[in-house]
Amino acid sequence: MRALIQRVREAKVTIEAETYSQIGTGLLVLLGIESADTEEDVLWLAGKISKMRIFGDGAGQMNLSLSDINGEMLVVSQFTLHANTKKGNRPSFIRAARPEHAVPLYEKFISEMETVIGKTVSTGKFGASMQVSLTNDGPVTIWIDSRNRE
């Protein structure tokens, strides 16, 4: 399971020219699920993201978590995070999970995030063509892969 986390001042998902969801200050999480992912990956990743201290404190140091600042979260499914670009110029997405495997893990991730941060998580629409806009704060962008737990 891969997550591209962006600290944002605001983020919005638009589908067919209509706002689907939006948040203010918080985290935009682009979430990619691969075939080998399990609930263990969901639990590890949700725990890791919820505790990440990437928001500034009074001294401007990154010492505060999403919960510490009472921030919001927007999670958007992003199968292209599992692109394989080793051969040729057209990415392969063979490792990305099929919807029957990915949707339950996507929903579990959202539910787990809501539990650990204690508030509702906004989402994109799984499988939809979405336009995602954001104002990255910092900029702060972090890549996490549950297969490479660094």
# chains A, B, ... in the order shown; residues from 1 in each chain; ligands from 1
call {"tool": "select_by_dssp", "arguments": {"residues": "range 17-149 of chain A", "states": "helix (DSSP H, G or I)", "output": "PyMOL selection string"}}
result
chain A and resi 39-51+79-82+99-117
call {"tool": "closest_atom_pairs", "arguments": {"of": "range 11-58 of chain A", "to": "range 119-139 of chain A", "cutoff": "9 Å", "atoms": "only C-alpha atoms", "output": "Markdown table"}}
result
| residue | atom | partner | partner_atom | distance |
| --- | --- | --- | --- | --- |
| A:Ala11 | CA | A:Leu134 | CA | 4.1 |
| A:Lys12 | CA | A:Ser133 | CA | 5.3 |
| A:Val13 | CA | A:Val132 | CA | 4.6 |
| A:Thr14 | CA | A:Gln131 | CA | 5.1 |
| A:Ile15 | CA | A:Met130 | CA | 5.1 |
| A:Glu16 | CA | A:Met130 | CA | 7.8 |
| A:Ala17 | CA | A:Gln131 | CA | 8.7 |
| A:Tyr20 | CA | A:Gly124 | CA | 7.1 |
| A:Ser21 | CA | A:Ser122 | CA | 6.3 |
| A:Gln22 | CA | A:Ser122 | CA | 7.0 |
| A:Ile23 | CA | A:Ser122 | CA | 7.4 |
| A:Thr25 | CA | A:Asp137 | CA | 8.7 |
| A:Leu28 | CA | A:Leu134 | CA | 8.2 |
call {"tool": "select_by_dssp", "arguments": {"residues": "chain A", "states": "strand (DSSP E)", "output": "PyMOL selection string"}}
result
chain A and resi 2-15+18-23+26-32+55-56+62-64+72-77+122-123+131-145
call {"tool": "closest_atom_pairs", "arguments": {"of": "range 13-43 of chain A", "to": "range 93-96 of chain A", "cutoff": "9 Å", "atoms": "only C-alpha atoms", "output": "JSON lines"}}
result
{"residue": "A:Gly32", "atom": "CA", "partner": "A:Ala96", "partner_atom": "CA", "distance": 7.3}
{"residue": "A:Ile33", "atom": "CA", "partner": "A:Ala96", "partner_atom": "CA", "distance": 6.0}
{"residue": "A:Glu34", "atom": "CA", "partner": "A:Ala96", "partner_atom": "CA", "distance": 4.2}
{"residue": "A:Ser35", "atom": "CA", "partner": "A:Ala96", "partner_atom": "CA", "distance": 5.9}
{"residue": "A:Ala36", "atom": "CA", "partner": "A:Arg95", "partner_atom": "CA", "distance": 8.2}
call {"tool": "write_last_selection", "arguments": {"atoms": "N, CA and C atoms", "output": "PDB file, in the first residue's frame"}}
result
ATOM      1  N   GLY A  32      -2.642   4.293  -2.990  1.00  0.00           N
ATOM      2  CA  GLY A  32      -2.550   3.243  -3.996  1.00  0.00           C
ATOM      3  C   GLY A  32      -2.524   1.880  -3.334  1.00  0.00           C
ATOM      4  N   ILE A  33      -3.365   0.982  -3.806  1.00  0.00           N
ATOM      5  CA  ILE A  33      -3.474  -0.356  -3.218  1.00  0.00           C
ATOM      6  C   ILE A  33      -3.028  -1.370  -4.254  1.00  0.00           C
ATOM      7  N   GLU A  34      -2.152  -2.285  -3.835  1.00  0.00           N
ATOM      8  CA  GLU A  34      -1.691  -3.322  -4.752  1.00  0.00           C
ATOM      9  C   GLU A  34      -2.260  -4.679  -4.352  1.00  0.00           C
ATOM     10  N   SER A  35      -2.141  -5.618  -5.247  1.00  0.00           N
ATOM     11  CA  SER A  35      -2.742  -6.940  -5.067  1.00  0.00           C
ATOM     12  C   SER A  35      -2.298  -7.646  -3.797  1.00  0.00           C
ATOM     13  N   ALA A  36      -1.063  -7.424  -3.376  1.00  0.00           N
ATOM     14  CA  ALA A  36      -0.530  -8.120  -2.205  1.00  0.00           C
ATOM     15  C   ALA A  36      -0.911  -7.463  -0.881  1.00  0.00           C
TER      16      ALA A  36
END
call {"tool": "atom_distance", "arguments": {"atom1": "CA of Val29 in chain A", "atom2": "CA of Ala59 in chain A"}}
result
25.8 Å
call {"tool": "residues_around", "arguments": {"residues": "Tyr106 in chain A", "least_positions_apart": "2", "cutoff": "12 Å", "atoms": "only C-alpha atoms", "output": "JSON, numbers by chain"}}
result
{"A": [1, 2, 3, 29, 30, 31, 32, 33, 34, 37, 38, 39, 41, 42, 43, 45, 46, 75, 76, 77, 78, 79, 97, 98, 99, 100, 101, 102, 103, 104, 108, 109, 110, 111, 112, 113, 123, 124, 125, 126, 127]}
call {"tool": "write_last_selection", "arguments": {"atoms": "C-alpha atoms", "output": "PDB file, in the first residue's frame"}}
result
ATOM      1  CA  MET A   1       0.000   0.000   0.000  1.00  0.00           C
ATOM      2  CA  ARG A   2       1.415   3.342  -1.007  1.00  0.00           C
ATOM      3  CA  ALA A   3       0.469   6.791   0.170  1.00  0.00           C
ATOM      4  CA  VAL A  29      -3.620  11.375   1.028  1.00  0.00           C
ATOM      5  CA  LEU A  30      -3.366   9.770  -2.407  1.00  0.00           C
ATOM      6  CA  LEU A  31      -3.710   6.038  -1.699  1.00  0.00           C
ATOM      7  CA  GLY A  32      -2.550   3.243  -3.996  1.00  0.00           C
ATOM      8  CA  ILE A  33      -3.474  -0.356  -3.218  1.00  0.00           C
ATOM      9  CA  GLU A  34      -1.691  -3.322  -4.752  1.00  0.00           C
ATOM     10  CA  ASP A  37      -1.909  -5.621   0.321  1.00  0.00           C
ATOM     11  CA  THR A  38      -3.796  -6.815   3.400  1.00  0.00           C
ATOM     12  CA  GLU A  39      -5.556  -5.366   6.432  1.00  0.00           C
ATOM     13  CA  ASP A  41      -0.963  -2.839   5.637  1.00  0.00           C
ATOM     14  CA  VAL A  42      -4.067  -0.719   6.283  1.00  0.00           C
ATOM     15  CA  LEU A  43      -3.547  -0.723  10.051  1.00  0.00           C
ATOM     16  CA  LEU A  45      -0.284   2.861   7.292  1.00  0.00           C
ATOM     17  CA  ALA A  46      -3.211   4.483   9.128  1.00  0.00           C
ATOM     18  CA  VAL A  75      -8.268  10.424   0.923  1.00  0.00           C
ATOM     19  CA  VAL A  76      -8.280   9.794  -2.832  1.00  0.00           C
ATOM     20  CA  SER A  77      -7.715   6.394  -4.458  1.00  0.00           C
ATOM     21  CA  GLN A  78      -4.758   6.495  -6.851  1.00  0.00           C
ATOM     22  CA  PHE A  79      -3.891   3.198  -8.553  1.00  0.00           C
ATOM     23  CA  ALA A  97      -5.160  -4.226  -7.078  1.00  0.00           C
ATOM     24  CA  ARG A  98      -8.354  -4.997  -8.953  1.00  0.00           C
ATOM     25  CA  PRO A  99     -11.442  -3.195  -7.575  1.00  0.00           C
ATOM     26  CA  GLU A 100     -12.808  -6.316  -5.846  1.00  0.00           C
ATOM     27  CA  HIS A 101      -9.656  -6.382  -3.688  1.00  0.00           C
ATOM     28  CA  ALA A 102      -8.930  -2.643  -3.548  1.00  0.00           C
ATOM     29  CA  VAL A 103     -12.355  -1.245  -2.599  1.00  0.00           C
ATOM     30  CA  PRO A 104     -12.662  -3.111   0.734  1.00  0.00           C
ATOM     31  CA  LYS A 108     -11.110  -0.054   5.680  1.00  0.00           C
ATOM     32  CA  PHE A 109      -8.342   2.552   5.454  1.00  0.00           C
ATOM     33  CA  ILE A 110     -10.874   5.389   5.590  1.00  0.00           C
ATOM     34  CA  SER A 111     -12.674   3.784   8.526  1.00  0.00           C
ATOM     35  CA  GLU A 112      -9.406   3.188  10.385  1.00  0.00           C
ATOM     36  CA  MET A 113      -8.287   6.781   9.795  1.00  0.00           C
ATOM     37  CA  THR A 123     -12.893  11.090   0.177  1.00  0.00           C
ATOM     38  CA  GLY A 124     -12.773  10.971  -3.546  1.00  0.00           C
ATOM     39  CA  LYS A 125     -14.964   8.513  -5.449  1.00  0.00           C
ATOM     40  CA  PHE A 126     -13.253   5.194  -6.090  1.00  0.00           C
ATOM     41  CA  GLY A 127     -12.786   4.540  -9.806  1.00  0.00           C
TER      42      GLY A 127
END
call {"tool": "closest_residue", "arguments": {"among": "A:Ser50, A:Thr80, A:Ser92, A:Thr19", "to": "Thr115 in chain A", "atoms": "only C-alpha atoms"}}
result
A:Ser50
call {"tool": "residues_around", "arguments": {"residues": "Met52 in chain A", "least_positions_apart": "3", "cutoff": "10 Å", "atoms": "only C-alpha atoms", "output": "compact mmCIF listing (two decimals) with C-alpha atoms, in the first residue's frame"}}
result
# COMPACT_ATOMS: atom_id res chain seq x y z
CA GLY A 47 -1.27 4.37 12.39
CA LYS A 48 1.82 5.84 10.77
CA ILE A 49 0.01 8.69 9.02
CA PHE A 55 2.65 20.47 11.13
CA MET A 62 7.37 20.18 12.48
CA ASN A 63 6.27 18.78 15.84
CA LEU A 64 2.49 18.49 15.57
CA SER A 65 0.26 15.75 14.15
CA LEU A 66 -3.01 16.12 12.28
CA SER A 67 -4.93 15.55 15.52
call {"tool": "atom_distance", "arguments": {"atom1": "CA of Ile142 in chain A", "atom2": "CA of Arg53 in chain A"}}
result
11.7 Å
